[in-house]
>>> print(open('final35.pdb').read())   # PDB, C-alpha atoms, pLDDT in the B column
ATOM      1  CA  MET A   1     -31.858  10.327 -28.323  1.00 50.00           C
ATOM      2  CA  SER A   2     -31.527  12.290 -25.126  1.00 68.00           C
ATOM      3  CA  GLY A   3     -28.270  13.572 -23.710  1.00 80.00           C
ATOM      4  CA  THR A   4     -26.585  15.714 -21.094  1.00 87.00           C
ATOM      5  CA  TYR A   5     -23.523  17.924 -21.610  1.00 92.00           C
ATOM      6  CA  VAL A   6     -21.472  19.509 -18.813  1.00 96.00           C
ATOM      7  CA  LYS A   7     -18.365  21.636 -19.308  1.00 98.00           C
ATOM      8  CA  MET A   8     -16.019  22.133 -16.372  1.00 98.00           C
ATOM      9  CA  GLU A   9     -12.782  24.063 -15.967  1.00 97.00           C
ATOM     10  CA  GLY A  10     -10.212  25.017 -13.412  1.00 96.00           C
ATOM     11  CA  SER A  11      -6.705  24.313 -12.277  1.00 90.00           C
ATOM     12  CA  SER A  12      -5.443  21.576 -10.031  1.00 81.00           C
ATOM     13  CA  PHE A  13      -2.191  20.369  -8.557  1.00 83.00           C
ATOM     14  CA  ASN A  14      -3.350  16.939  -9.653  1.00 87.00           C
ATOM     15  CA  GLY A  15      -2.959  16.238 -13.336  1.00 92.00           C
ATOM     16  CA  ILE A  16      -5.520  14.666 -15.606  1.00 96.00           C
ATOM     17  CA  ASN A  17      -3.993  11.210 -15.111  1.00 96.00           C
ATOM     18  CA  GLU A  18      -4.989  11.287 -11.432  1.00 96.00           C
ATOM     19  CA  MET A  19      -8.415  12.629 -12.354  1.00 97.00           C
ATOM     20  CA  ALA A  20      -8.842   9.811 -14.874  1.00 98.00           C
ATOM     21  CA  GLU A  21      -7.996   7.235 -12.199  1.00 98.00           C
ATOM     22  CA  ALA A  22     -10.544   8.783  -9.829  1.00 97.00           C
ATOM     23  CA  LEU A  23     -13.204   8.637 -12.554  1.00 98.00           C
ATOM     24  CA  LYS A  24     -12.400   5.013 -13.383  1.00 98.00           C
ATOM     25  CA  ASN A  25     -12.642   4.081  -9.698  1.00 98.00           C
ATOM     26  CA  GLY A  26     -15.653   6.264  -8.895  1.00 97.00           C
ATOM     27  CA  ILE A  27     -18.001   5.752 -11.847  1.00 97.00           C
ATOM     28  CA  ASN A  28     -20.225   2.729 -11.398  1.00 94.00           C
ATOM     29  CA  ALA A  29     -20.132   1.688 -15.060  1.00 95.00           C
ATOM     30  CA  GLU A  30     -18.055  -0.446 -17.396  1.00 97.00           C
ATOM     31  CA  LEU A  31     -15.010   1.316 -18.858  1.00 98.00           C
ATOM     32  CA  ILE A  32     -15.227   0.832 -22.623  1.00 97.00           C
ATOM     33  CA  CYS A  33     -12.283   2.917 -23.779  1.00 97.00           C
ATOM     34  CA  GLU A  34      -9.401   4.909 -22.321  1.00 98.00           C
ATOM     35  CA  ASN A  35      -7.058   6.880 -24.536  1.00 98.00           C
ATOM     36  CA  HIS A  36      -4.278   9.329 -23.612  1.00 97.00           C
ATOM     37  CA  ARG A  37      -2.646  11.756 -26.035  1.00 97.00           C
ATOM     38  CA  HIS A  38       0.156  14.288 -25.702  1.00 96.00           C
ATOM     39  CA  ILE A  39       0.191  16.953 -28.423  1.00 94.00           C
ATOM     40  CA  ASP A  40       2.818  19.684 -28.076  1.00 94.00           C
ATOM     41  CA  PHE A  41       2.163  21.042 -24.559  1.00 93.00           C
ATOM     42  CA  VAL A  42      -1.375  19.691 -24.237  1.00 97.00           C
ATOM     43  CA  ASN A  43      -2.360  16.415 -22.551  1.00 97.00           C
ATOM     44  CA  LEU A  44      -5.674  14.773 -23.435  1.00 97.00           C
ATOM     45  CA  CYS A  45      -7.514  11.859 -21.905  1.00 98.00           C
ATOM     46  CA  ILE A  46     -10.707  10.340 -23.274  1.00 98.00           C
ATOM     47  CA  LEU A  47     -12.749   7.952 -21.126  1.00 98.00           C
ATOM     48  CA  SER A  48     -15.881   6.180 -22.313  1.00 98.00           C
ATOM     49  CA  PHE A  49     -18.217   4.250 -20.009  1.00 97.00           C
ATOM     50  CA  GLU A  50     -21.409   2.251 -20.475  1.00 95.00           C
ATOM     51  CA  LYS A  51     -24.020   1.189 -17.934  1.00 91.00           C
ATOM     52  CA  PHE A  52     -27.262  -0.773 -18.096  1.00 87.00           C
ATOM     53  CA  PHE A  53     -30.173   0.835 -16.236  1.00 76.00           C
ATOM     54  CA  PHE A  54     -32.917  -1.543 -15.135  1.00 74.00           C
ATOM     55  CA  ARG A  55     -35.417   1.270 -14.534  1.00 62.00           C
ATOM     56  CA  ASN A  56     -35.710   1.907 -18.263  1.00 59.00           C
ATOM     57  CA  GLY A  57     -34.234  -1.314 -19.641  1.00 68.00           C
ATOM     58  CA  SER A  58     -31.469   0.246 -21.739  1.00 74.00           C
ATOM     59  CA  TYR A  59     -27.848   1.333 -21.763  1.00 82.00           C
ATOM     60  CA  ALA A  60     -26.545   4.840 -21.170  1.00 86.00           C
ATOM     61  CA  SER A  61     -23.059   5.994 -22.038  1.00 91.00           C
ATOM     62  CA  LEU A  62     -20.682   8.515 -20.527  1.00 95.00           C
ATOM     63  CA  THR A  63     -17.804  10.143 -22.380  1.00 97.00           C
ATOM     64  CA  VAL A  64     -15.339  12.380 -20.541  1.00 98.00           C
ATOM     65  CA  VAL A  65     -12.636  14.374 -22.337  1.00 98.00           C
ATOM     66  CA  LEU A  66     -10.008  15.836 -20.009  1.00 98.00           C
ATOM     67  CA  THR A  67      -7.666  18.481 -21.459  1.00 98.00           C
ATOM     68  CA  GLU A  68      -4.624  19.819 -19.633  1.00 97.00           C
ATOM     69  CA  ASN A  69      -2.802  22.847 -21.021  1.00 95.00           C
ATOM     70  CA  GLY A  70      -0.281  24.054 -18.470  1.00 91.00           C
ATOM     71  CA  ASP A  71      -2.208  24.913 -15.296  1.00 89.00           C
ATOM     72  CA  GLU A  72      -5.561  24.994 -17.086  1.00 95.00           C
ATOM     73  CA  ILE A  73      -7.722  21.866 -17.075  1.00 97.00           C
ATOM     74  CA  THR A  74     -11.043  21.445 -18.831  1.00 98.00           C
ATOM     75  CA  ALA A  75     -13.485  18.571 -18.771  1.00 98.00           C
ATOM     76  CA  ASP A  76     -16.201  17.912 -21.321  1.00 98.00           C
ATOM     77  CA  ILE A  77     -18.729  15.434 -19.929  1.00 98.00           C
ATOM     78  CA  VAL A  78     -21.343  13.872 -22.210  1.00 96.00           C
ATOM     79  CA  GLY A  79     -23.996  11.497 -20.909  1.00 91.00           C
ATOM     80  CA  SER A  80     -26.094  10.015 -23.697  1.00 87.00           C
ATOM     81  CA  GLY A  81     -28.464   7.230 -24.563  1.00 76.00           C
ATOM     82  CA  GLY A  82     -30.470   5.522 -21.907  1.00 56.00           C
ATOM     83  CA  GLY A  83     -33.708   6.151 -23.738  1.00 54.00           C
ATOM     84  CA  GLU A  84     -36.315   3.541 -24.478  1.00 53.00           C
ATOM     85  CA  GLY A  85     -39.453   3.262 -26.496  1.00 48.00           C
ATOM     86  CA  PHE A  86     -41.180   5.589 -28.909  1.00 44.00           C
ATOM     87  CA  PHE A  87     -40.489   8.752 -26.891  1.00 46.00           C
ATOM     88  CA  ASN A  88     -36.894   7.709 -26.042  1.00 47.00           C
ATOM     89  CA  VAL A  89     -37.309   8.642 -22.370  1.00 51.00           C
ATOM     90  CA  SER A  90     -34.107   8.061 -20.390  1.00 52.00           C
ATOM     91  CA  TRP A  91     -35.602   8.662 -16.916  1.00 58.00           C
ATOM     92  CA  GLY A  92     -32.427  10.595 -16.064  1.00 69.00           C
ATOM     93  CA  ALA A  93     -29.983   7.765 -16.782  1.00 74.00           C
ATOM     94  CA  ASN A  94     -27.598   9.872 -18.873  1.00 79.00           C
ATOM     95  CA  ALA A  95     -27.819  12.823 -16.466  1.00 83.00           C
ATOM     96  CA  GLU A  96     -27.042  10.499 -13.541  1.00 86.00           C
ATOM     97  CA  LEU A  97     -23.791   9.331 -15.154  1.00 90.00           C
ATOM     98  CA  ALA A  98     -22.784  12.892 -16.086  1.00 93.00           C
ATOM     99  CA  GLY A  99     -23.576  14.051 -12.547  1.00 94.00           C
ATOM    100  CA  ASP A 100     -21.390  11.328 -11.050  1.00 95.00           C
ATOM    101  CA  ALA A 101     -18.440  12.474 -13.184  1.00 97.00           C
ATOM    102  CA  GLY A 102     -19.069  16.113 -12.266  1.00 97.00           C
ATOM    103  CA  ARG A 103     -19.081  15.346  -8.533  1.00 97.00           C
ATOM    104  CA  ILE A 104     -15.773  13.498  -8.801  1.00 97.00           C
ATOM    105  CA  LEU A 105     -14.123  16.301 -10.776  1.00 97.00           C
ATOM    106  CA  ARG A 106     -15.389  18.965  -8.341  1.00 97.00           C
ATOM    107  CA  GLU A 107     -13.307  17.219  -5.673  1.00 95.00           C
ATOM    108  CA  PHE A 108     -10.267  18.141  -7.804  1.00 95.00           C
ATOM    109  CA  GLY A 109     -11.284  21.798  -7.897  1.00 94.00           C
ATOM    110  CA  LEU A 110     -12.972  21.936 -11.292  1.00 97.00           C
ATOM    111  CA  ARG A 111     -16.139  24.003 -11.580  1.00 97.00           C
ATOM    112  CA  THR A 112     -18.962  24.202 -14.084  1.00 96.00           C
ATOM    113  CA  ALA A 113     -18.063  26.603 -16.887  1.00 89.00           C
TER
END
>>> encode(input="final35.pdb", output="structure tokens")
Amino acid sequence: MSGTYVKMEGSSFNGINEMAEALKNGINAELICENHRHIDFVNLCILSFEKFFFRNGSYASLTVVLTENGDEITADIVGSGGGEGFFNVSWGANAELAGDAGRILREFGLRTA
């Protein structure tokens, strides 16, 4: 299976709830799961998306974990799947989804770590 991982970090006046809304509205894929947690002084949000890509005839998934600890925000972006056939070639499907999430989060001031 092929996959793409991007780690981003930064600080933003917007919290992770607003970032999650922007991702849900900006990612052209089906939202499979959304989960929010508050543990001590840390807020977490997990978003999972799935999209069918006609160019390779398979599904790719995107998982984004947003963590907010005071002013510090991190994002872990994982695009996976999308491969087909013996060589499991994704033709960039998982990287495309991860890139879309990265572009949206850059608008909030996060940068690649």
>>> atom_distance(input="final35.pdb", atom1="CA of Thr74 in chain A", atom2="CA of Gly3 in chain A")
19.6 Å
>>> residues_around(input="final35.pdb", residues="Asn28 in chain A", least_positions_apart="4", cutoff="12 Å", atoms="only C-alpha atoms", output="PDB file with C-alpha atoms, in the coordinates of the input")
ATOM      1  CA  ALA A  22     -10.544   8.783  -9.829  1.00 97.00           C
ATOM      2  CA  LEU A  23     -13.204   8.637 -12.554  1.00 98.00           C
ATOM      3  CA  LYS A  24     -12.400   5.013 -13.383  1.00 98.00           C
ATOM      4  CA  PHE A  49     -18.217   4.250 -20.009  1.00 97.00           C
ATOM      5  CA  GLU A  50     -21.409   2.251 -20.475  1.00 95.00           C
ATOM      6  CA  LYS A  51     -24.020   1.189 -17.934  1.00 91.00           C
ATOM      7  CA  PHE A  52     -27.262  -0.773 -18.096  1.00 87.00           C
ATOM      8  CA  PHE A  53     -30.173   0.835 -16.236  1.00 76.00           C
ATOM      9  CA  ALA A  60     -26.545   4.840 -21.170  1.00 86.00           C
ATOM     10  CA  SER A  61     -23.059   5.994 -22.038  1.00 91.00           C
ATOM     11  CA  LEU A  62     -20.682   8.515 -20.527  1.00 95.00           C
ATOM     12  CA  GLU A  96     -27.042  10.499 -13.541  1.00 86.00           C
ATOM     13  CA  LEU A  97     -23.791   9.331 -15.154  1.00 90.00           C
ATOM     14  CA  ALA A  98     -22.784  12.892 -16.086  1.00 93.00           C
ATOM     15  CA  GLY A  99     -23.576  14.051 -12.547  1.00 94.00           C
ATOM     16  CA  ASP A 100     -21.390  11.328 -11.050  1.00 95.00           C
ATOM     17  CA  ALA A 101     -18.440  12.474 -13.184  1.00 97.00           C
ATOM     18  CA  ILE A 104     -15.773  13.498  -8.801  1.00 97.00           C
TER      19      ILE A 104
END
>>> resolve_selection(input="final35.pdb", expression="the PyMOL selection byres ((chain A and resi 8) around 9)", output="list in words")
Val6, Lys7, Glu9, Gly10, Ile73, Thr74, Ala75, Asp76, Ile77, Gly102, Leu105, Arg106, Leu110, Arg111, Thr112 and Ala113 of chain A
>>> closest_residue(input="final35.pdb", among="A:Thr67, A:Ser48, A:Ser58, A:Thr4", to="Ile27 in chain A", atoms="all atoms listed in the file")
A:Ser48
>>> closest_residue(input="final35.pdb", among="A:Val78, A:Leu47, A:Leu31, A:Leu66", to="Gly15 in chain A", atoms="all atoms listed in the file")
A:Leu66
>>> closest_residue(input="final35.pdb", among="A:Ala93, A:Phe108, A:Cys33, A:Val65", to="Glu18 in chain A", atoms="all atoms listed in the file")
A:Phe108
>>> resolve_selection(input="final35.pdb", expression="the PyMOL selection byres ((chain A and resi 37) around 12)", output="JSON, numbers by chain")
{"A": [16, 17, 34, 35, 36, 38, 39, 40, 41, 42, 43, 44, 45, 46, 47, 65, 66, 67, 68]}
>>> atom_distance(input="final35.pdb", atom1="CA of Asn94 in chain A", atom2="CA of Met19 in chain A")
20.4 Å
>>> atom_distance(input="final35.pdb", atom1="CA of Ala95 in chain A", atom2="CA of Phe54 in chain A")
15.3 Å
>>> closest_residue(input="final35.pdb", among="A:Arg103, A:Val64, A:Ile32, A:Glu72", to="Asn14 in chain A", atoms="only C-alpha atoms")
A:Glu72
>>> axis_aligned_box(input="final35.pdb", around="range 101-108 of chain A", padding_each_side="8 Å", output="lines of an AutoDock Vina configuration file")
center_x = -14.7
center_y = 15.7
center_z = -9.4
size_x = 24.8
size_y = 22.5
size_z = 23.5
>>> decode(input="final35.pdb", residues="range 26-87 of chain A", atoms="C-alpha atoms", output="JSON list (two decimals), in the first residue's frame")
[["chain", "number", "residue", "atom", "x", "y", "z"],
["A", 26, "GLY", "CA", -12.73, 22.20, 1.28],
["A", 27, "ILE", "CA", -11.86, 18.52, 0.81],
["A", 28, "ASN", "CA", -13.65, 16.99, -2.14],
["A", 29, "ALA", "CA", -14.23, 13.61, -0.47],
["A", 30, "GLU", "CA", -16.79, 11.88, 1.72],
["A", 31, "LEU", "CA", -16.37, 12.53, 5.45],
["A", 32, "ILE", "CA", -16.30, 9.11, 7.11],
["A", 33, "CYS", "CA", -15.58, 10.07, 10.70],
["A", 34, "GLU", "CA", -15.20, 13.18, 12.84],
["A", 35, "ASN", "CA", -14.21, 12.95, 16.48],
["A", 36, "HIS", "CA", -13.32, 15.71, 18.97],
["A", 37, "ARG", "CA", -11.59, 15.14, 22.30],
["A", 38, "HIS", "CA", -10.57, 17.43, 25.14],
["A", 39, "ILE", "CA", -7.90, 15.98, 27.44],
["A", 40, "ASP", "CA", -6.63, 18.28, 30.20],
["A", 41, "PHE", "CA", -5.51, 21.38, 28.26],
["A", 42, "VAL", "CA", -5.23, 19.69, 24.87],
["A", 43, "ASN", "CA", -7.92, 19.65, 22.17],
["A", 44, "LEU", "CA", -7.86, 16.95, 19.50],
["A", 45, "CYS", "CA", -9.84, 16.53, 16.32],
["A", 46, "ILE", "CA", -9.67, 13.50, 14.04],
["A", 47, "LEU", "CA", -11.16, 13.68, 10.54],
["A", 48, "SER", "CA", -11.26, 10.75, 8.13],
["A", 49, "PHE", "CA", -12.23, 11.08, 4.46],
["A", 50, "GLU", "CA", -12.59, 8.66, 1.55],
["A", 51, "LYS", "CA", -12.69, 9.34, -2.18],
["A", 52, "PHE", "CA", -13.03, 7.17, -5.28],
["A", 53, "PHE", "CA", -10.53, 7.97, -8.04],
["A", 54, "PHE", "CA", -11.59, 6.96, -11.54],
["A", 55, "ARG", "CA", -8.06, 7.25, -12.94],
["A", 56, "ASN", "CA", -6.96, 4.18, -11.00],
["A", 57, "GLY", "CA", -10.33, 2.65, -10.14],
["A", 58, "SER", "CA", -9.90, 2.58, -6.36],
["A", 59, "TYR", "CA", -10.49, 4.48, -3.14],
["A", 60, "ALA", "CA", -7.98, 6.64, -1.31],
["A", 61, "SER", "CA", -8.36, 7.79, 2.26],
["A", 62, "LEU", "CA", -7.29, 10.89, 4.14],
["A", 63, "THR", "CA", -6.88, 11.10, 7.90],
["A", 64, "VAL", "CA", -6.14, 14.42, 9.59],
["A", 65, "VAL", "CA", -5.33, 14.71, 13.30],
["A", 66, "LEU", "CA", -5.40, 18.28, 14.62],
["A", 67, "THR", "CA", -3.89, 18.90, 18.07],
["A", 68, "GLU", "CA", -4.20, 22.19, 19.93],
["A", 69, "ASN", "CA", -2.13, 22.76, 23.06],
["A", 70, "GLY", "CA", -2.41, 26.39, 24.09],
["A", 71, "ASP", "CA", -1.15, 28.50, 21.17],
["A", 72, "GLU", "CA", 0.56, 25.55, 19.49],
["A", 73, "ILE", "CA", -1.31, 23.63, 16.79],
["A", 74, "THR", "CA", -0.06, 20.57, 14.96],
["A", 75, "ALA", "CA", -1.59, 18.66, 12.09],
["A", 76, "ASP", "CA", -0.73, 15.11, 11.08],
["A", 77, "ILE", "CA", -2.00, 14.41, 7.56],
["A", 78, "VAL", "CA", -2.03, 10.86, 6.21],
["A", 79, "GLY", "CA", -3.15, 10.05, 2.67],
["A", 80, "SER", "CA", -3.27, 6.32, 2.02],
["A", 81, "GLY", "CA", -4.64, 3.69, -0.28],
["A", 82, "GLY", "CA", -5.59, 4.52, -3.81],
["A", 83, "GLY", "CA", -3.43, 1.76, -5.20],
["A", 84, "GLU", "CA", -4.56, -0.82, -7.69],
["A", 85, "GLY", "CA", -3.24, -3.98, -9.20],
["A", 86, "PHE", "CA", -0.15, -6.05, -8.55],
["A", 87, "PHE", "CA", 2.17, -3.05, -8.06]]
